[in-house]
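Heads up, the thing below is written out as structure tokens.
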Amino acid sequence: MNATPTVSVIIPTKNRAADLELTIQTLLRQGILPNELFVVDQSDADTSRARIEQLVGGASVRLDYVYDPSIAGGAVARNLAMDCATGEILLFLDDDVELEGNFVEELLATYASHPEVSGVSGVVTNYEPPPWLMRTWSRTFERGPFRDDRQPIYWRANTGCDSQLSRVTRMGGGLMSFRASALGNLRFDPHLRGVSDGEDVDLCLRLGPKAQLVINPRARLVHNRSATGRLEDHWLRRYLRSQIYLYRRNWDFGFKNRLCLWWLLAGCALTAIQASVRAVSLKPWQALATGYREGVAAAGG
């Protein structure tokens, strides 16, 4: 790798013109600019291209803007850009984030000082710790491979407690990067469509147990969580969909993993019961069942 490695930024987007513009504005204010930017636009109308071309036109960044509403989801969009990217580092961003000015610089500094690292992510600074009841639920029911070691790092992002790298098993798709050499021909699951829950974790897991993934808490951004394109029913649907997908793809072996799955399903069922009683509605149960079915289908049945 060169002293300053080349960087390709990949942003899939759909119907978030204002969010996308803000994301790219903060990207172009970085202390170290990427070499190329891929925007894969799946929107209903080609309304963002002119403005993005105008923004990037004055910077020393090569823009590859693809508009194709037939692309069905973030996983396929990212794969399309990966096949064309030439950077030594591939940085994946969501289209509704705001990067602090040294975000890219901090990622590259990590690669330079830790040549053994395969992937580097930053932290989301506006994620508030969930209520104590939800944290207790997570500690109780998310066991074994279902434990998400990213979340406590995000929760501490604004406390000043973390300044060192943290080794993790997974990274978030909205702010993760990899050495292109570590990825090789590996791609996101092309069978995922629409809101591709679990695609980021699945890719990280398929790098293999020897891949070293870290979070640098000094690489920081805000996630604005645009309401566009998000599911509006009970959170159990999207949560369980991603967990079942990941289980069927990566963890469906051994008694211990099966026990962890059964325990997680018990926790989800308990939550659905409580939510249904409070709402006097079966919608939480319906969300639970839908999420399970969708997870199985996403993993190939």
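If you're wondering about the labels, chains in the structure tokens are A, B, ... by order shown, residues count from 1 in each chain, ligands from 1 in order shown.
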
Requested in this report: Would you mind writing down, as a PyMOL selection string, each residue of region 14-240 of chain A that DSSP on the backbone assigns to helix (DSSP H, G or I)?
Outcome: chain A and resi 17-28+49-57+74-82+103-113+132-141+144-146+151-155+180-183+199-206+235-240

Report task. Write out as a list in words each polymer residue whose atoms come within 10 Å of Ala3 (chain A), counting only C-alpha atoms; drop sequence neighbours fewer than 2 positions from it. Result ->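 These residues fall inside the cut-off: Met1, Pro5, Thr6, Leu108 and Ala112 of chain A.
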
Keeping only all heavy atoms, write those residues as a PDB file, in the first residue's frame.
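Final output, out36.pdb:
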```pdb
ATOM      1  N   MET A   1       0.841  -1.191   0.000  1.00  0.00           N
ATOM      2  CA  MET A   1       0.000   0.000   0.000  1.00  0.00           C
ATOM      3  C   MET A   1       0.874   1.238   0.000  1.00  0.00           C
ATOM      4  O   MET A   1       1.922   1.289   0.637  1.00  0.00           O
ATOM      5  CB  MET A   1      -0.917  -0.008   1.229  1.00  0.00           C
ATOM      6  CG  MET A   1      -1.865   1.181   1.292  1.00  0.00           C
ATOM      7  SD  MET A   1      -2.988   1.090   2.698  1.00  0.00           S
ATOM      8  CE  MET A   1      -4.040  -0.269   2.190  1.00  0.00           C
ATOM      9  N   PRO A   5      -2.764   5.809   0.837  1.00  0.00           N
ATOM     10  CA  PRO A   5      -3.475   4.900  -0.063  1.00  0.00           C
ATOM     11  C   PRO A   5      -4.622   5.595  -0.781  1.00  0.00           C
ATOM     12  O   PRO A   5      -5.205   6.564  -0.284  1.00  0.00           O
ATOM     13  CB  PRO A   5      -4.000   3.809   0.875  1.00  0.00           C
ATOM     14  CG  PRO A   5      -4.054   4.464   2.209  1.00  0.00           C
ATOM     15  CD  PRO A   5      -2.917   5.427   2.248  1.00  0.00           C
ATOM     16  N   THR A   6      -4.930   5.108  -1.956  1.00  0.00           N
ATOM     17  CA  THR A   6      -6.061   5.638  -2.709  1.00  0.00           C
ATOM     18  C   THR A   6      -7.360   5.144  -2.083  1.00  0.00           C
ATOM     19  O   THR A   6      -7.446   4.022  -1.573  1.00  0.00           O
ATOM     20  CB  THR A   6      -5.988   5.210  -4.177  1.00  0.00           C
ATOM     21  OG1 THR A   6      -5.851   3.774  -4.243  1.00  0.00           O
ATOM     22  CG2 THR A   6      -4.792   5.849  -4.859  1.00  0.00           C
ATOM     23  N   LEU A 108      -7.495   6.311   7.561  1.00  0.00           N
ATOM     24  CA  LEU A 108      -6.230   6.025   6.890  1.00  0.00           C
ATOM     25  C   LEU A 108      -5.086   5.914   7.883  1.00  0.00           C
ATOM     26  O   LEU A 108      -4.160   5.105   7.690  1.00  0.00           O
ATOM     27  CB  LEU A 108      -5.940   7.110   5.852  1.00  0.00           C
ATOM     28  CG  LEU A 108      -6.919   7.188   4.680  1.00  0.00           C
ATOM     29  CD1 LEU A 108      -6.479   8.247   3.683  1.00  0.00           C
ATOM     30  CD2 LEU A 108      -7.065   5.839   3.990  1.00  0.00           C
ATOM     31  N   ALA A 112      -2.457   2.779   8.308  1.00  0.00           N
ATOM     32  CA  ALA A 112      -1.011   2.992   8.243  1.00  0.00           C
ATOM     33  C   ALA A 112      -0.299   2.433   9.470  1.00  0.00           C
ATOM     34  O   ALA A 112       0.780   1.852   9.367  1.00  0.00           O
ATOM     35  CB  ALA A 112      -0.718   4.488   8.096  1.00  0.00           C
TER      36      ALA A 112
END
```

Report task. Run DSSP on the backbone and grab whatever in region 49-86 of chain A lands in strand (DSSP E); send it over as a PyMOL selection string. Result -> chain A and resi 62-67

Requested in this report: Please provide as a ChimeraX atom specification all residues within 10 Å of region 215-222 of chain A, with the sequence filter that same-chain residues fewer than 4 positions apart are discarded (counting only C-alpha atoms).
Outcome: /A:23,26,96-110,119-127,150,153-154,156-158,160-168,170-171,174-176

Report summary line: If you count only C-alpha atoms, the residue of A:Ile24, A:Val117, A:Ala75, A:Leu288 closest to Ser181 (chain A) turns out to be A:Val117

Using only C-alpha atoms, which protein or nucleic acid residues come within 12 Å of Leu80 (chain A)? Drop anything in the same chain fewer than 5 positions from it, and give the result as a PDB file with N, CA, C and O atoms, in the first residue's frame.
```
ATOM      1  N   ILE A  10     -18.133   4.696  -1.671  1.00  0.00           N
ATOM      2  CA  ILE A  10     -19.306   4.112  -2.315  1.00  0.00           C
ATOM      3  C   ILE A  10     -20.542   4.478  -1.514  1.00  0.00           C
ATOM      4  O   ILE A  10     -20.637   4.169  -0.322  1.00  0.00           O
ATOM      5  N   ILE A  11     -21.510   5.146  -2.176  1.00  0.00           N
ATOM      6  CA  ILE A  11     -22.743   5.582  -1.513  1.00  0.00           C
ATOM      7  C   ILE A  11     -23.943   5.141  -2.352  1.00  0.00           C
ATOM      8  O   ILE A  11     -24.191   5.695  -3.421  1.00  0.00           O
ATOM      9  N   PRO A  12     -24.714   4.159  -1.901  1.00  0.00           N
ATOM     10  CA  PRO A  12     -26.000   3.875  -2.547  1.00  0.00           C
ATOM     11  C   PRO A  12     -27.047   4.843  -2.017  1.00  0.00           C
ATOM     12  O   PRO A  12     -27.004   5.245  -0.842  1.00  0.00           O
ATOM     13  N   PHE A  38     -18.311   6.951  -5.875  1.00  0.00           N
ATOM     14  CA  PHE A  38     -19.346   6.241  -6.613  1.00  0.00           C
ATOM     15  C   PHE A  38     -20.693   6.491  -5.931  1.00  0.00           C
ATOM     16  O   PHE A  38     -20.863   6.165  -4.756  1.00  0.00           O
ATOM     17  N   VAL A  39     -21.618   7.069  -6.666  1.00  0.00           N
ATOM     18  CA  VAL A  39     -22.988   7.248  -6.189  1.00  0.00           C
ATOM     19  C   VAL A  39     -23.877   6.371  -7.062  1.00  0.00           C
ATOM     20  O   VAL A  39     -23.918   6.550  -8.290  1.00  0.00           O
ATOM     21  N   VAL A  40     -24.553   5.426  -6.439  1.00  0.00           N
ATOM     22  CA  VAL A  40     -25.464   4.537  -7.169  1.00  0.00           C
ATOM     23  C   VAL A  40     -26.875   4.916  -6.753  1.00  0.00           C
ATOM     24  O   VAL A  40     -27.335   4.604  -5.658  1.00  0.00           O
ATOM     25  N   ASP A  41     -27.562   5.621  -7.649  1.00  0.00           N
ATOM     26  CA  ASP A  41     -28.845   6.250  -7.352  1.00  0.00           C
ATOM     27  C   ASP A  41     -29.984   5.387  -7.879  1.00  0.00           C
ATOM     28  O   ASP A  41     -30.124   5.175  -9.083  1.00  0.00           O
ATOM     29  N   ASP A  64     -18.252   8.960 -10.282  1.00  0.00           N
ATOM     30  CA  ASP A  64     -18.951   7.991 -11.131  1.00  0.00           C
ATOM     31  C   ASP A  64     -20.377   7.902 -10.606  1.00  0.00           C
ATOM     32  O   ASP A  64     -20.626   7.299  -9.562  1.00  0.00           O
ATOM     33  N   TYR A  65     -21.305   8.560 -11.311  1.00  0.00           N
ATOM     34  CA  TYR A  65     -22.697   8.647 -10.864  1.00  0.00           C
ATOM     35  C   TYR A  65     -23.534   7.721 -11.736  1.00  0.00           C
ATOM     36  O   TYR A  65     -23.645   7.913 -12.944  1.00  0.00           O
ATOM     37  N   VAL A  66     -24.140   6.731 -11.097  1.00  0.00           N
ATOM     38  CA  VAL A  66     -24.979   5.764 -11.806  1.00  0.00           C
ATOM     39  C   VAL A  66     -26.423   5.972 -11.376  1.00  0.00           C
ATOM     40  O   VAL A  66     -26.728   5.880 -10.177  1.00  0.00           O
ATOM     41  N   TYR A  67     -27.288   6.262 -12.333  1.00  0.00           N
ATOM     42  CA  TYR A  67     -28.716   6.355 -12.029  1.00  0.00           C
ATOM     43  C   TYR A  67     -29.423   5.171 -12.665  1.00  0.00           C
ATOM     44  O   TYR A  67     -29.407   4.998 -13.889  1.00  0.00           O
ATOM     45  N   ASP A  68     -30.025   4.326 -11.815  1.00  0.00           N
ATOM     46  CA  ASP A  68     -30.712   3.144 -12.325  1.00  0.00           C
ATOM     47  C   ASP A  68     -31.765   2.712 -11.306  1.00  0.00           C
ATOM     48  O   ASP A  68     -31.458   2.011 -10.333  1.00  0.00           O
ATOM     49  N   ILE A  71     -32.239  -1.044  -9.978  1.00  0.00           N
ATOM     50  CA  ILE A  71     -31.398  -1.693  -8.972  1.00  0.00           C
ATOM     51  C   ILE A  71     -32.217  -1.875  -7.706  1.00  0.00           C
ATOM     52  O   ILE A  71     -32.790  -0.931  -7.179  1.00  0.00           O
ATOM     53  N   ALA A  72     -32.234  -3.094  -7.199  1.00  0.00           N
ATOM     54  CA  ALA A  72     -33.164  -3.424  -6.109  1.00  0.00           C
ATOM     55  C   ALA A  72     -32.430  -3.574  -4.784  1.00  0.00           C
ATOM     56  O   ALA A  72     -32.269  -4.673  -4.270  1.00  0.00           O
ATOM     57  N   GLY A  73     -31.969  -2.465  -4.216  1.00  0.00           N
ATOM     58  CA  GLY A  73     -31.422  -2.540  -2.871  1.00  0.00           C
ATOM     59  C   GLY A  73     -29.967  -2.159  -2.757  1.00  0.00           C
ATOM     60  O   GLY A  73     -29.208  -2.127  -3.739  1.00  0.00           O
ATOM     61  N   GLY A  74     -29.568  -1.891  -1.503  1.00  0.00           N
ATOM     62  CA  GLY A  74     -28.220  -1.416  -1.238  1.00  0.00           C
ATOM     63  C   GLY A  74     -27.139  -2.425  -1.533  1.00  0.00           C
ATOM     64  O   GLY A  74     -26.039  -2.058  -1.961  1.00  0.00           O
ATOM     65  N   ALA A  75     -27.402  -3.702  -1.291  1.00  0.00           N
ATOM     66  CA  ALA A  75     -26.379  -4.718  -1.519  1.00  0.00           C
ATOM     67  C   ALA A  75     -25.975  -4.777  -2.995  1.00  0.00           C
ATOM     68  O   ALA A  75     -24.786  -4.782  -3.335  1.00  0.00           O
ATOM     69  N   ALA A  85     -14.520   0.035  -8.692  1.00  0.00           N
ATOM     70  CA  ALA A  85     -13.633   0.827  -7.842  1.00  0.00           C
ATOM     71  C   ALA A  85     -12.177   0.404  -8.008  1.00  0.00           C
ATOM     72  O   ALA A  85     -11.880  -0.780  -8.178  1.00  0.00           O
ATOM     73  N   ARG A 187     -18.147 -10.113  -2.209  1.00  0.00           N
ATOM     74  CA  ARG A 187     -19.162  -9.098  -2.451  1.00  0.00           C
ATOM     75  C   ARG A 187     -20.320  -9.272  -1.462  1.00  0.00           C
ATOM     76  O   ARG A 187     -20.457 -10.304  -0.816  1.00  0.00           O
ATOM     77  N   PHE A 188     -21.159  -8.239  -1.371  1.00  0.00           N
ATOM     78  CA  PHE A 188     -22.382  -8.341  -0.586  1.00  0.00           C
ATOM     79  C   PHE A 188     -23.303  -9.382  -1.218  1.00  0.00           C
ATOM     80  O   PHE A 188     -23.226  -9.645  -2.429  1.00  0.00           O
ATOM     81  N   ASP A 189     -24.168  -9.936  -0.406  1.00  0.00           N
ATOM     82  CA  ASP A 189     -25.087 -10.967  -0.878  1.00  0.00           C
ATOM     83  C   ASP A 189     -25.982 -10.397  -1.979  1.00  0.00           C
ATOM     84  O   ASP A 189     -26.837  -9.556  -1.712  1.00  0.00           O
ATOM     85  N   PRO A 190     -25.827 -10.853  -3.232  1.00  0.00           N
ATOM     86  CA  PRO A 190     -26.599 -10.271  -4.334  1.00  0.00           C
ATOM     87  C   PRO A 190     -28.068 -10.662  -4.318  1.00  0.00           C
ATOM     88  O   PRO A 190     -28.870 -10.100  -5.070  1.00  0.00           O
TER      89      PRO A 190
END
```

Requested in this report: May I have the residues within 7 Å of region 55-62 of chain A as a PyMOL selection string, using only C-alpha atoms and disregarding those fewer than 6 positions away in the same chain?
Outcome: chain A and resi 34-37

Print the selection's residues with N, CA, C and O atoms to a file, as a JSON list (two decimals), in the first residue's frame.
```
[["chain", "number", "residue", "atom", "x", "y", "z"],
["A", 34, "PRO", "N", -11.10, 11.65, -0.86],
["A", 34, "PRO", "CA", -11.01, 10.38, -1.57],
["A", 34, "PRO", "C", -10.59, 10.62, -3.02],
["A", 34, "PRO", "O", -10.69, 11.73, -3.53],
["A", 35, "ASN", "N", -10.13, 9.56, -3.66],
["A", 35, "ASN", "CA", -9.74, 9.67, -5.07],
["A", 35, "ASN", "C", -10.93, 9.54, -6.00],
["A", 35, "ASN", "O", -10.95, 10.17, -7.07],
["A", 36, "GLU", "N", -11.90, 8.73, -5.60],
["A", 36, "GLU", "CA", -13.07, 8.55, -6.44],
["A", 36, "GLU", "C", -14.30, 8.34, -5.58],
["A", 36, "GLU", "O", -14.23, 7.81, -4.46],
["A", 37, "LEU", "N", -15.42, 8.79, -6.12],
["A", 37, "LEU", "CA", -16.71, 8.70, -5.44],
["A", 37, "LEU", "C", -17.71, 8.03, -6.36],
["A", 37, "LEU", "O", -17.92, 8.47, -7.49]]
```

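For the set A:Ala275, A:Arg225, A:Leu203, A:Ser43, the residue with the smallest atom-to-atom gap to Asp19 (chain A) is A:Arg225, counting only C-alpha atoms.
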
**Report entry** Best match for closeness to Tyr111 (chain A) among A:Leu213, A:Leu27, A:Leu183, A:Ala45, counting only C-alpha atoms
**Finding:**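 That would be A:Leu213, the residue with the smallest distance to Tyr111 (chain A).
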
Query - Surrounding residues of Arg206 (chain A) excluding itself and chain neighbours under 5 positions, 12 Å, only C-alpha atoms, as a list in words - result: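 Here the qualifying residues turn out to be Thr169, Arg170, Ala182, Leu183, Gly184, Asn185, Leu186, Arg187, Phe188, Asp189, Glu199, Asp200, Val201, Ala211, Leu246, Arg249, Asn250 and Trp251 of chain A.
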
Report task. Mind checking which residues fall within 6 Å of region 87-91 of chain A, counting only C-alpha atoms, ignoring those fewer than 3 positions away in the same chain, and posting them as a list in words? Result ->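 Selected residues are Pro5, Thr6, Val7, Ser8, Val9, Met176, Ser177, Phe178, Arg179 and Ala180 of chain A.
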
Would you export the selected residues with all heavy atoms as a short mmCIF file (atom, residue, chain, number, x, y, z; two decimals), in the first residue's frame, please?
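part_8.cif, freshly written:
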```
data_model
loop_
_atom_site.label_atom_id
_atom_site.label_comp_id
_atom_site.auth_asym_id
_atom_site.auth_seq_id
_atom_site.Cartn_x
_atom_site.Cartn_y
_atom_site.Cartn_z
N PRO A 5 -2.76 5.81 0.84
CA PRO A 5 -3.48 4.90 -0.06
C PRO A 5 -4.62 5.60 -0.78
O PRO A 5 -5.20 6.56 -0.28
CB PRO A 5 -4.00 3.81 0.88
CG PRO A 5 -4.05 4.46 2.21
CD PRO A 5 -2.92 5.43 2.25
N THR A 6 -4.93 5.11 -1.96
CA THR A 6 -6.06 5.64 -2.71
C THR A 6 -7.36 5.14 -2.08
O THR A 6 -7.45 4.02 -1.57
CB THR A 6 -5.99 5.21 -4.18
OG1 THR A 6 -5.85 3.77 -4.24
CG2 THR A 6 -4.79 5.85 -4.86
N VAL A 7 -8.39 6.00 -2.12
CA VAL A 7 -9.65 5.70 -1.44
C VAL A 7 -10.80 5.83 -2.43
O VAL A 7 -10.92 6.84 -3.14
CB VAL A 7 -9.89 6.67 -0.27
CG1 VAL A 7 -11.22 6.37 0.42
CG2 VAL A 7 -8.75 6.58 0.74
N SER A 8 -11.65 4.82 -2.47
CA SER A 8 -12.90 4.86 -3.23
C SER A 8 -14.05 4.88 -2.25
O SER A 8 -14.17 3.99 -1.39
CB SER A 8 -13.03 3.63 -4.14
OG SER A 8 -11.97 3.57 -5.07
N VAL A 9 -14.91 5.88 -2.36
CA VAL A 9 -16.10 6.00 -1.51
C VAL A 9 -17.31 5.52 -2.30
O VAL A 9 -17.50 5.92 -3.46
CB VAL A 9 -16.31 7.44 -1.03
CG1 VAL A 9 -17.61 7.57 -0.24
CG2 VAL A 9 -15.13 7.89 -0.17
N MET A 176 -18.29 1.94 7.18
CA MET A 176 -17.24 0.94 7.28
C MET A 176 -16.33 0.98 6.05
O MET A 176 -16.74 1.36 4.96
CB MET A 176 -17.81 -0.46 7.45
CG MET A 176 -18.59 -1.01 6.28
SD MET A 176 -19.30 -2.63 6.69
CE MET A 176 -19.99 -3.11 5.11
N SER A 177 -15.08 0.58 6.28
CA SER A 177 -14.10 0.56 5.19
C SER A 177 -13.29 -0.73 5.26
O SER A 177 -13.17 -1.35 6.33
CB SER A 177 -13.17 1.77 5.28
OG SER A 177 -12.31 1.68 6.41
N PHE A 178 -12.72 -1.10 4.12
CA PHE A 178 -11.91 -2.31 4.03
C PHE A 178 -10.72 -2.07 3.11
O PHE A 178 -10.79 -1.25 2.18
CB PHE A 178 -12.72 -3.48 3.44
CG PHE A 178 -13.91 -3.88 4.24
CD1 PHE A 178 -15.16 -3.35 3.96
CD2 PHE A 178 -13.81 -4.79 5.27
CE1 PHE A 178 -16.27 -3.71 4.67
CE2 PHE A 178 -14.92 -5.18 6.01
CZ PHE A 178 -16.16 -4.62 5.70
N ARG A 179 -9.67 -2.81 3.34
CA ARG A 179 -8.62 -2.91 2.32
C ARG A 179 -9.19 -3.69 1.14
O ARG A 179 -9.78 -4.76 1.32
CB ARG A 179 -7.39 -3.64 2.86
CG ARG A 179 -6.68 -2.97 4.02
CD ARG A 179 -5.43 -3.74 4.38
NE ARG A 179 -4.90 -3.34 5.67
CZ ARG A 179 -4.03 -2.36 5.87
NH1 ARG A 179 -3.58 -1.68 4.81
NH2 ARG A 179 -3.60 -2.06 7.07
N ALA A 180 -9.02 -3.17 -0.04
CA ALA A 180 -9.51 -3.88 -1.23
C ALA A 180 -8.85 -5.25 -1.34
O ALA A 180 -9.47 -6.22 -1.78
CB ALA A 180 -9.25 -3.05 -2.48
#
```

Requested in this report: Figure out the distance between CA of Arg135 (chain A) and CA of Leu270 (chain A), please, to one decimal in Å.
Outcome: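 Distance reported for this atom pair: 15.1 Å.
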